[in-house]
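Asks: Take a look at structure-v5.cif, mmCIF, C-alpha atoms:
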data_coords
#
loop_
_atom_site.group_PDB
_atom_site.id
_atom_site.type_symbol
_atom_site.label_atom_id
_atom_site.label_comp_id
_atom_site.auth_asym_id
_atom_site.auth_seq_id
_atom_site.Cartn_x
_atom_site.Cartn_y
_atom_site.Cartn_z
ATOM 1 C CA MET L 288 0.000 0.000 0.000
ATOM 2 C CA ALA L 289 2.897 2.367 0.728
ATOM 3 C CA MET L 290 4.308 1.768 -2.731
ATOM 4 C CA ALA L 291 0.968 2.521 -4.359
ATOM 5 C CA ALA L 292 0.631 5.754 -2.372
ATOM 6 C CA VAL L 293 4.060 6.972 -3.489
ATOM 7 C CA GLY L 294 3.278 6.171 -7.125
ATOM 8 C CA ILE L 295 -0.009 8.074 -7.058
ATOM 9 C CA GLY L 296 1.460 11.045 -5.187
ATOM 10 C CA GLY L 297 4.258 11.504 -7.698
ATOM 11 C CA GLY L 298 3.903 12.722 -11.248
ATOM 12 C CA GLY L 299 3.897 9.160 -12.602
ATOM 13 C CA GLY L 300 0.260 8.520 -11.663
ATOM 14 C CA ALA L 301 -0.825 4.956 -12.371
ATOM 15 C CA LEU L 302 2.680 4.077 -13.576
ATOM 16 C CA GLY L 303 3.703 3.681 -9.965
ATOM 17 C CA LEU L 304 1.362 0.742 -9.584
ATOM 18 C CA LEU L 305 3.103 -1.077 -12.448
ATOM 19 C CA ALA L 306 6.643 -0.776 -11.084
ATOM 20 C CA PRO L 307 8.480 -3.932 -9.947
ATOM 21 C CA ARG L 308 8.359 -4.464 -6.187
ATOM 22 C CA ARG L 309 12.164 -4.725 -5.822
ATOM 23 C CA ARG L 310 12.570 -1.096 -6.969
ATOM 24 C CA ALA L 311 10.257 0.364 -4.370
ATOM 25 C CA ALA L 312 13.114 2.242 -2.649
ATOM 26 C CA SER L 313 13.989 4.224 -5.787
ATOM 27 C CA TRP L 314 10.526 5.734 -6.226
ATOM 28 C CA SER L 315 10.879 9.162 -4.735
ATOM 29 C CA GLY L 316 8.765 11.322 -7.027
ATOM 30 C CA ALA L 317 7.985 12.249 -10.592
ATOM 31 C CA GLY L 318 11.525 11.688 -11.843
ATOM 32 C CA GLY L 319 11.540 7.960 -11.005
ATOM 33 C CA ALA L 320 8.174 7.380 -12.628
ATOM 34 C CA THR L 321 9.228 9.237 -15.796
ATOM 35 C CA ALA L 322 12.453 7.273 -16.039
ATOM 36 C CA ALA L 323 10.611 3.984 -15.657
ATOM 37 C CA ALA L 324 8.195 5.010 -18.383
ATOM 38 C CA ARG L 325 11.124 5.693 -20.731
ATOM 39 C CA ARG L 326 12.694 2.315 -19.957
ATOM 40 C CA ARG L 327 9.557 0.255 -20.462
ATOM 41 C CA PRO L 328 6.808 2.058 -22.396
ATOM 42 C CA LEU L 329 3.235 0.953 -21.916
ATOM 43 C CA VAL L 330 1.610 -0.581 -24.992
ATOM 44 C CA ALA L 331 -2.159 -0.795 -25.366
ATOM 45 C CA VAL L 332 -3.107 -4.400 -26.130
ATOM 46 C CA VAL L 333 -6.567 -5.259 -27.438
ATOM 47 C CA ARG L 334 -7.608 -8.633 -26.034
ATOM 48 C CA ALA L 335 -10.537 -10.041 -27.986
ATOM 49 C CA SER L 336 -11.169 -13.260 -29.820
ATOM 50 C CA TYR L 337 -11.381 -13.381 -33.589
ATOM 51 C CA GLU L 338 -14.639 -14.153 -35.341
ATOM 52 C CA ALA L 339 -14.815 -16.710 -38.122
ATOM 53 C CA GLY L 340 -16.394 -14.045 -40.302
ATOM 54 C CA VAL L 341 -18.716 -11.067 -40.313
ATOM 55 C CA GLY L 342 -22.124 -11.841 -38.859
ATOM 56 C CA VAL L 343 -25.436 -10.072 -38.543
ATOM 57 C CA MET L 344 -27.961 -9.138 -35.887
ATOM 58 C CA ALA L 345 -31.515 -10.417 -35.885
ATOM 59 C CA THR L 346 -34.654 -10.674 -33.741
ATOM 60 C CA LYS L 347 -36.066 -13.838 -32.223
ATOM 61 C CA VAL L 348 -39.635 -14.507 -33.382
ATOM 62 C CA GLY L 349 -40.425 -17.794 -31.624
ATOM 63 C CA MET L 350 -40.208 -21.577 -31.901
ATOM 64 C CA MET L 351 -42.128 -24.016 -34.071
ATOM 65 C CA THR L 352 -41.955 -27.502 -35.552
ATOM 66 C CA TYR L 353 -40.533 -27.847 -39.055
ATOM 67 C CA PHE L 354 -41.060 -31.050 -40.995
ATOM 68 C CA ASP L 355 -38.075 -32.051 -43.105
ATOM 69 C CA PRO L 356 -39.311 -32.490 -46.705
ATOM 70 C CA ALA L 357 -36.776 -35.261 -47.368
ATOM 71 C CA THR L 358 -37.457 -37.467 -44.360
ATOM 72 C CA GLY L 359 -40.736 -36.125 -43.001
ATOM 73 C CA LYS L 360 -39.294 -36.011 -39.492
ATOM 74 C CA PRO L 361 -40.209 -33.117 -37.178
ATOM 75 C CA VAL L 362 -37.399 -30.716 -36.354
ATOM 76 C CA PRO L 363 -37.645 -28.145 -33.515
ATOM 77 C CA VAL L 364 -36.571 -24.808 -34.936
ATOM 78 C CA THR L 365 -36.338 -21.207 -33.825
ATOM 79 C CA VAL L 366 -37.696 -18.638 -36.261
ATOM 80 C CA VAL L 367 -35.445 -15.569 -36.553
ATOM 81 C CA GLY L 368 -36.530 -12.413 -38.370
ATOM 82 C CA PHE L 369 -35.037 -9.060 -39.349
ATOM 83 C CA ARG L 370 -36.415 -5.620 -38.514
ATOM 84 C CA ASP L 371 -36.688 -2.691 -40.917
ATOM 85 C CA GLY L 372 -33.335 -1.192 -41.808
ATOM 86 C CA GLY L 373 -31.568 -4.548 -41.886
ATOM 87 C CA ASN L 374 -27.841 -4.840 -41.200
ATOM 88 C CA VAL L 375 -25.485 -2.148 -42.478
ATOM 89 C CA VAL L 376 -21.724 -1.732 -42.138
ATOM 90 C CA THR L 377 -21.278 1.444 -40.098
ATOM 91 C CA GLN L 378 -17.492 1.435 -39.621
ATOM 92 C CA VAL L 379 -14.430 -0.470 -40.800
ATOM 93 C CA LYS L 380 -11.594 -0.509 -38.278
ATOM 94 C CA THR L 381 -8.012 -1.261 -39.319
ATOM 95 C CA ALA L 382 -4.795 -1.890 -37.463
ATOM 96 C CA ALA L 383 -3.366 1.389 -38.765
ATOM 97 C CA THR L 384 -6.142 3.569 -37.347
ATOM 98 C CA ASP L 385 -7.579 1.591 -34.414
ATOM 99 C CA GLY L 386 -4.950 -1.017 -33.534
ATOM 100 C CA TYR L 387 -7.001 -3.983 -34.749
ATOM 101 C CA ASP L 388 -9.143 -5.069 -37.684
ATOM 102 C CA ALA L 389 -12.905 -5.194 -37.188
ATOM 103 C CA VAL L 390 -16.181 -4.477 -38.928
ATOM 104 C CA GLN L 391 -18.891 -2.595 -37.044
ATOM 105 C CA VAL L 392 -22.452 -3.488 -38.034
ATOM 106 C CA GLY L 393 -25.640 -1.558 -37.278
ATOM 107 C CA TYR L 394 -29.154 -2.992 -37.038
ATOM 108 C CA HIS L 395 -32.816 -2.002 -36.510
ATOM 109 C CA GLY L 396 -33.740 1.251 -38.176
ATOM 110 C CA VAL L 397 -35.389 3.873 -35.966
ATOM 111 C CA ARG L 398 -36.436 7.525 -36.164
ATOM 112 C CA GLU L 399 -33.767 10.191 -35.748
ATOM 113 C CA GLU L 400 -35.436 11.363 -32.525
ATOM 114 C CA LYS L 401 -34.490 8.050 -30.895
ATOM 115 C CA LEU L 402 -30.735 8.701 -31.213
ATOM 116 C CA THR L 403 -28.349 11.303 -29.866
ATOM 117 C CA ARG L 404 -26.466 13.754 -32.056
ATOM 118 C CA PRO L 405 -23.104 11.944 -31.651
ATOM 119 C CA GLU L 406 -24.773 8.695 -32.711
ATOM 120 C CA LEU L 407 -26.374 10.357 -35.730
ATOM 121 C CA GLY L 408 -23.046 11.925 -36.665
ATOM 122 C CA HIS L 409 -21.276 8.568 -36.444
ATOM 123 C CA LEU L 410 -23.868 6.871 -38.654
ATOM 124 C CA GLY L 411 -24.063 9.793 -41.049
ATOM 125 C CA LYS L 412 -20.318 9.635 -41.636
ATOM 126 C CA ALA L 413 -20.788 6.089 -42.935
ATOM 127 C CA GLY L 414 -23.854 7.008 -44.983
ATOM 128 C CA ALA L 415 -26.013 4.676 -42.887
ATOM 129 C CA PRO L 416 -29.584 5.352 -41.738
ATOM 130 C CA PRO L 417 -30.401 5.801 -38.025
ATOM 131 C CA LEU L 418 -29.851 2.405 -36.378
ATOM 132 C CA ARG L 419 -30.478 1.366 -32.807
ATOM 133 C CA HIS L 420 -27.863 -1.380 -32.259
ATOM 134 C CA LEU L 421 -24.139 -1.414 -33.073
ATOM 135 C CA GLN L 422 -21.840 -4.416 -32.695
ATOM 136 C CA GLU L 423 -18.322 -5.299 -33.821
ATOM 137 C CA PHE L 424 -16.934 -8.415 -35.469
ATOM 138 C CA ARG L 425 -13.174 -8.640 -35.073
ATOM 139 C CA LEU L 426 -11.501 -10.229 -38.094
ATOM 140 C CA GLN L 427 -8.065 -11.034 -39.418
ATOM 141 C CA SER L 428 -8.811 -9.099 -42.617
ATOM 142 C CA VAL L 429 -11.448 -6.494 -43.440
ATOM 143 C CA ASP L 430 -10.979 -6.537 -47.193
ATOM 144 C CA GLY L 431 -14.214 -6.267 -49.149
ATOM 145 C CA TYR L 432 -16.166 -4.248 -46.563
ATOM 146 C CA ASP L 433 -16.992 -0.569 -46.909
ATOM 147 C CA PRO L 434 -18.995 1.814 -44.676
ATOM 148 C CA GLY L 435 -22.635 1.966 -45.698
ATOM 149 C CA GLN L 436 -22.568 -1.501 -47.286
ATOM 150 C CA PRO L 437 -25.787 -3.475 -46.622
ATOM 151 C CA LEU L 438 -25.453 -7.059 -45.418
ATOM 152 C CA ASP L 439 -27.912 -9.693 -46.626
ATOM 153 C CA PHE L 440 -28.207 -12.883 -44.590
ATOM 154 C CA ALA L 441 -28.993 -15.002 -47.669
ATOM 155 C CA ASP L 442 -25.752 -13.847 -49.330
ATOM 156 C CA MET L 443 -23.603 -14.589 -46.260
ATOM 157 C CA PHE L 444 -25.058 -17.936 -45.163
ATOM 158 C CA LYS L 445 -26.712 -20.934 -46.773
ATOM 159 C CA GLU L 446 -28.862 -23.793 -45.544
ATOM 160 C CA GLY L 447 -26.841 -26.368 -43.630
ATOM 161 C CA ASP L 448 -24.258 -23.892 -42.310
ATOM 162 C CA LEU L 449 -23.356 -23.860 -38.617
ATOM 163 C CA VAL L 450 -23.614 -20.586 -36.703
ATOM 164 C CA ASP L 451 -22.900 -19.271 -33.220
ATOM 165 C CA ILE L 452 -25.799 -17.324 -31.708
ATOM 166 C CA SER L 453 -25.482 -15.117 -28.647
ATOM 167 C CA GLY L 454 -28.065 -13.055 -26.816
ATOM 168 C CA LYS L 455 -29.406 -12.131 -23.409
ATOM 169 C CA SER L 456 -30.957 -15.097 -21.628
ATOM 170 C CA ILE L 457 -34.365 -14.958 -19.957
ATOM 171 C CA GLY L 458 -34.128 -13.482 -16.444
ATOM 172 C CA LYS L 459 -35.537 -15.741 -13.744
ATOM 173 C CA GLY L 460 -34.991 -13.532 -10.703
ATOM 174 C CA PHE L 461 -33.548 -14.677 -7.372
ATOM 175 C CA GLN L 462 -33.415 -18.492 -7.306
ATOM 176 C CA GLY L 463 -32.179 -21.102 -4.867
ATOM 177 C CA GLY L 464 -29.327 -23.533 -5.243
ATOM 178 C CA ILE L 465 -31.459 -26.377 -6.589
ATOM 179 C CA LYS L 466 -32.803 -24.474 -9.579
ATOM 180 C CA ARG L 467 -29.759 -22.280 -10.152
ATOM 181 C CA HIS L 468 -26.999 -24.897 -9.799
ATOM 182 C CA ASN L 469 -28.891 -28.213 -9.998
ATOM 183 C CA PHE L 470 -28.155 -29.081 -6.365
ATOM 184 C CA LYS L 471 -29.693 -32.185 -4.835
ATOM 185 C CA ARG L 472 -32.337 -31.721 -2.133
ATOM 186 C CA GLY L 473 -32.432 -33.463 1.203
ATOM 187 C CA LEU L 474 -34.896 -36.050 2.458
ATOM 188 C CA MET L 475 -38.497 -34.919 2.750
ATOM 189 C CA THR L 476 -39.343 -37.523 5.437
ATOM 190 C CA HIS L 477 -37.750 -39.577 8.234
ATOM 191 C CA GLY L 478 -37.300 -36.527 10.452
ATOM 192 C CA SER L 479 -35.038 -34.613 8.085
ATOM 193 C CA LYS L 480 -34.907 -30.875 8.791
ATOM 194 C CA SER L 481 -32.967 -30.041 5.607
ATOM 195 C CA HIS L 482 -35.084 -30.146 2.466
ATOM 196 C CA ARG L 483 -34.058 -27.439 -0.022
ATOM 197 C CA ALA L 484 -31.661 -25.482 2.201
ATOM 198 C CA LEU L 485 -28.115 -24.863 0.959
ATOM 199 C CA GLY L 486 -26.316 -26.549 3.868
ATOM 200 C CA SER L 487 -22.688 -25.988 4.851
ATOM 201 C CA ILE L 488 -20.797 -23.386 2.814
ATOM 202 C CA GLY L 489 -17.328 -23.930 4.274
ATOM 203 C CA ALA L 490 -15.182 -24.944 7.210
ATOM 204 C CA GLY L 491 -14.827 -23.069 10.530
ATOM 205 C CA THR L 492 -11.398 -22.089 11.796
ATOM 206 C CA THR L 493 -9.615 -23.019 8.575
ATOM 207 C CA PRO L 494 -9.957 -21.197 6.248
ATOM 208 C CA GLY L 495 -12.359 -19.148 8.372
ATOM 209 C CA ARG L 496 -14.116 -17.660 5.369
ATOM 210 C CA VAL L 497 -16.233 -18.553 2.368
ATOM 211 C CA TYR L 498 -14.330 -19.080 -0.870
ATOM 212 C CA LYS L 499 -15.025 -16.669 -3.692
ATOM 213 C CA GLY L 500 -17.195 -18.087 -6.426
ATOM 214 C CA LYS L 501 -19.069 -20.406 -4.079
ATOM 215 C CA LYS L 502 -22.252 -21.656 -5.728
ATOM 216 C CA MET L 503 -25.074 -20.152 -3.703
ATOM 217 C CA PRO L 504 -28.580 -18.776 -4.254
ATOM 218 C CA GLY L 505 -28.707 -15.590 -6.277
ATOM 219 C CA ARG L 506 -29.953 -13.893 -9.410
ATOM 220 C CA MET L 507 -30.375 -16.323 -12.278
ATOM 221 C CA GLY L 508 -30.502 -15.563 -15.997
ATOM 222 C CA GLY L 509 -30.501 -12.178 -17.673
ATOM 223 C CA THR L 510 -26.885 -12.569 -18.838
ATOM 224 C CA LYS L 511 -25.182 -12.840 -22.217
ATOM 225 C CA THR L 512 -25.272 -16.428 -23.418
ATOM 226 C CA LYS L 513 -23.810 -18.040 -26.521
ATOM 227 C CA ILE L 514 -24.959 -21.292 -28.098
ATOM 228 C CA ARG L 515 -22.468 -22.700 -30.569
ATOM 229 C CA LYS L 516 -22.761 -24.691 -33.780
ATOM 230 C CA LEU L 517 -26.481 -24.422 -34.456
ATOM 231 C CA LYS L 518 -27.584 -25.585 -37.889
ATOM 232 C CA ILE L 519 -29.479 -23.395 -40.360
ATOM 233 C CA VAL L 520 -32.453 -25.472 -41.494
ATOM 234 C CA LYS L 521 -34.184 -23.092 -43.909
ATOM 235 C CA ILE L 522 -33.837 -19.567 -45.269
ATOM 236 C CA ASP L 523 -37.122 -18.038 -46.472
ATOM 237 C CA ASN L 524 -36.381 -14.999 -48.616
ATOM 238 C CA ASP L 525 -40.081 -14.206 -49.177
ATOM 239 C CA LEU L 526 -40.913 -13.949 -45.480
ATOM 240 C CA LYS L 527 -37.391 -12.718 -44.606
ATOM 241 C CA VAL L 528 -37.004 -15.256 -41.807
ATOM 242 C CA VAL L 529 -34.480 -17.943 -40.959
ATOM 243 C CA MET L 530 -35.188 -21.265 -39.259
ATOM 244 C CA ILE L 531 -32.416 -22.506 -36.977
ATOM 245 C CA LYS L 532 -32.440 -25.928 -35.357
ATOM 246 C CA GLY L 533 -32.726 -25.835 -31.568
ATOM 247 C CA ALA L 534 -33.283 -23.080 -29.044
ATOM 248 C CA VAL L 535 -31.568 -19.693 -28.861
ATOM 249 C CA PRO L 536 -31.197 -17.350 -25.861
ATOM 250 C CA GLY L 537 -33.960 -15.016 -24.784
ATOM 251 C CA LYS L 538 -37.670 -14.621 -25.327
ATOM 252 C CA PRO L 539 -39.487 -13.551 -28.521
ATOM 253 C CA GLY L 540 -38.363 -10.087 -29.555
ATOM 254 C CA ASN L 541 -34.856 -10.600 -28.137
ATOM 255 C CA LEU L 542 -31.828 -9.223 -30.000
ATOM 256 C CA LEU L 543 -29.555 -11.950 -31.364
ATOM 257 C CA ARG L 544 -26.017 -11.900 -32.723
ATOM 258 C CA ILE L 545 -25.441 -14.488 -35.456
ATOM 259 C CA ALA L 546 -21.905 -15.268 -36.627
ATOM 260 C CA PRO L 547 -20.267 -18.153 -38.488
ATOM 261 C CA ALA L 548 -19.429 -21.002 -36.135
ATOM 262 C CA LYS L 549 -15.825 -21.074 -34.952
ATOM 263 C CA ILE L 550 -14.076 -24.289 -35.971
ATOM 264 C CA VAL L 551 -10.432 -24.358 -34.887
ATOM 265 C CA GLY L 552 -8.162 -25.374 -37.712
ATOM 266 C CA LYS L 553 -10.779 -24.649 -40.384
ATOM 267 C CA ASN L 554 -11.771 -20.988 -40.098
ATOM 268 C CA ILE L 555 -9.894 -20.140 -36.889
ATOM 269 C CA PRO L 556 -6.090 -20.622 -36.645
ATOM 270 C CA LYS L 557 -4.876 -23.073 -34.010
ATOM 271 C CA ASN L 558 -2.577 -20.478 -32.437
#
What does the file become when written as structure tokens?
Replies:
Amino acid sequence: MAMAAVGIGGGGGALGLLAPRRRAASWSGAGGATAAARRRPLVAVVRASYEAGVGVMATKVGMMTYFDPATGKPVPVTVVGFRDGGNVVTQVKTAATDGYDAVQVGYHGVREEKLTRPELGHLGKAGAPPLRHLQEFRLQSVDGYDPGQPLDFADMFKEGDLVDISGKSIGKGFQGGIKRHNFKRGLMTHGSKSHRALGSIGAGTTPGRVYKGKKMPGRMGGTKTKIRKLKIVKIDNDLKVVMIKGAVPGKPGNLLRIAPAKIVGKNIPKN
């Protein structure tokens, strides 16, 4: 704590917190912090995983049963639709200007009154209409993408492709350990006094505390969830909907992020 106080009090600011512990005696003010900064400059590192390709945003419509024309078997599918305005490229980021390569996509057209002036200025620079949602897809190369370019799902994906879908899961409120973590309940008879209670959460004297991350009752759901490698069953260009096998996060009307499925060694490098 003394070392942190000296670093903040001097001219170095947060640089004092990054100094090696063995050099604590040499930190006497702004001069030491400036010298350390010259010896080992700080480099901003963007830590984010690569996408297998540019994806789109969509809206969950609901679930239904789709009968495969070839086999006649029922397939549970989620119907995904697209709101007015579609998906538009709003910004192309490169390593030269932003430190990494990414494509920013906008979705869901709205009235200008729904956005702030900075948001309208950002979209206007790209020649895009007012859009409610903006998301990035970090890539290894952004060749072939320009600001204002519309993205059509039927041109980017085909039936049979695998996709990764992420969205906000349904919130279930405060739940107990049995529902939240699939804990096992106690006996309901034979004089048992512990039915659905959590039970012991740790030892006494040692360690004398509860470990961080202990599975306990708490708020369940309402978090970002990704389901990987879901299969596209059908693309209906007339109705502008997509049928995807299985369930996706959230309730009807939920915003979804659809991207090509990551397959290491095929569209994602092993390193």
Asks: Counting all atoms listed in the file, what is within 7 Å of L:Gly533, bar same-chain residues fewer than 5 positions away, as a PyMOL selection string?
Replies: chain L and resi 363-365
Asks: Can you list, as a JSON list (two decimals) with C-alpha atoms, keeping the file's coordinate frame, the residues that the PyMOL selection byres ((chain L and resi 545) around 9) selects here?
Replies:
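Full text of result_18.json as output:
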[["chain", "number", "residue", "atom", "x", "y", "z"],
["L", 341, "VAL", "CA", -18.72, -11.07, -40.31],
["L", 342, "GLY", "CA", -22.12, -11.84, -38.86],
["L", 343, "VAL", "CA", -25.44, -10.07, -38.54],
["L", 344, "MET", "CA", -27.96, -9.14, -35.89],
["L", 345, "ALA", "CA", -31.52, -10.42, -35.88],
["L", 450, "VAL", "CA", -23.61, -20.59, -36.70],
["L", 451, "ASP", "CA", -22.90, -19.27, -33.22],
["L", 452, "ILE", "CA", -25.80, -17.32, -31.71],
["L", 453, "SER", "CA", -25.48, -15.12, -28.65],
["L", 543, "LEU", "CA", -29.56, -11.95, -31.36],
["L", 544, "ARG", "CA", -26.02, -11.90, -32.72],
["L", 546, "ALA", "CA", -21.90, -15.27, -36.63],
["L", 547, "PRO", "CA", -20.27, -18.15, -38.49],
["L", 548, "ALA", "CA", -19.43, -21.00, -36.14]]
Asks: Write out as a list of chain:residue names each polymer residue whose atoms come within 7 Å of L:Leu517, counting all atoms listed in the file; drop sequence neighbours fewer than 2 positions from it.
Replies: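 So, after excluding close chain neighbours, the residues are L:Leu449, L:Val450, L:Asp451, L:Arg515, L:Ile519, L:Ile531, L:Lys532.
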Asks: Do you know which residues are at most 7 Å from stretch 378-388 of chain L counting only C-alpha atoms, after dropping those on the same chain fewer than 5 positions away, and could you put them as a list in words?
Replies: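 The residues satisfying every condition are Ala413, Arg425, Leu426, Gln427, Ser428, Val429, Asp433 and Pro434 of chain L.
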Asks: Go through the shown structure with the PyMOL selection byres ((chain L and resi 522) around 9) and write out the matching residues as a PyMOL selection string.
Replies: chain L and resi 440-441+444-446+519-521+523-524+527-531
Asks: Of the residues L:Lys360, L:Tyr498, L:Leu418, L:Thr377, which is the one nearest to L:Val397, using all atoms listed in the file?
Replies: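 Answer, going by the shortest atom-to-atom distance: L:Leu418.
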Asks: For the PyMOL selection byres ((chain L and resi 501) around 12), applied here, can you spell out every residue it catches as a list in words?
Replies: Gly464, His468, Leu485, Ser487, Ile488, Gly489, Arg496, Val497, Tyr498, Lys499, Gly500, Lys502, Met503, Pro504 and Gly505 of chain L
Asks: Rank nothing, just name the residue among L:Pro361, L:Gly509, L:Pro416, L:Glu406 nearest to L:Phe461, using all atoms listed in the file.
Replies: L:Gly509
Asks: Considering all atoms listed in the file, can you say which of L:Gly368, L:Gly396, L:Gly508, L:Gly478 comes closest to L:Leu542?
Replies: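 Nearest to L:Leu542: L:Gly368.
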Asks: Tell me, as an MDAnalysis selection string, which residues lie within 7 Å of stretch 393-395 of chain L, counting all atoms listed in the file; anything in the same chain fewer than 4 positions away does not count.
Replies: chainID L and resid 344 370:377 418:422
Asks: Enter the distance from atom CA of L:Arg404 to atom CA of L:Gly454, in Å, rounded to one decimal.
Replies: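 Atom CA of L:Arg404 sits 27.4 Å away from atom CA of L:Gly454.
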Asks: What is the atom CA of L:Gly460-atom CA of L:Thr352 distance in Å, reported with one decimal?
Replies: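 So the two atoms, atom CA of L:Gly460 and atom CA of L:Thr352, lie 29.3 Å apart.
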Asks: Please report the interatomic distance between atom CA of L:Val390 and atom CA of L:Pro536 in Å with one decimal.
Replies: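 One can read the atom CA of L:Val390 to atom CA of L:Pro536 distance as 23.7 Å.
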Asks: Select all residues near (-15.7, -17.8, -39.1) (cut-off 6 Å, inclusive, file coordinates), counting all atoms listed in the file, and output them as a PyMOL selection string.
Replies: chain L and resi 338-340+547-549+554
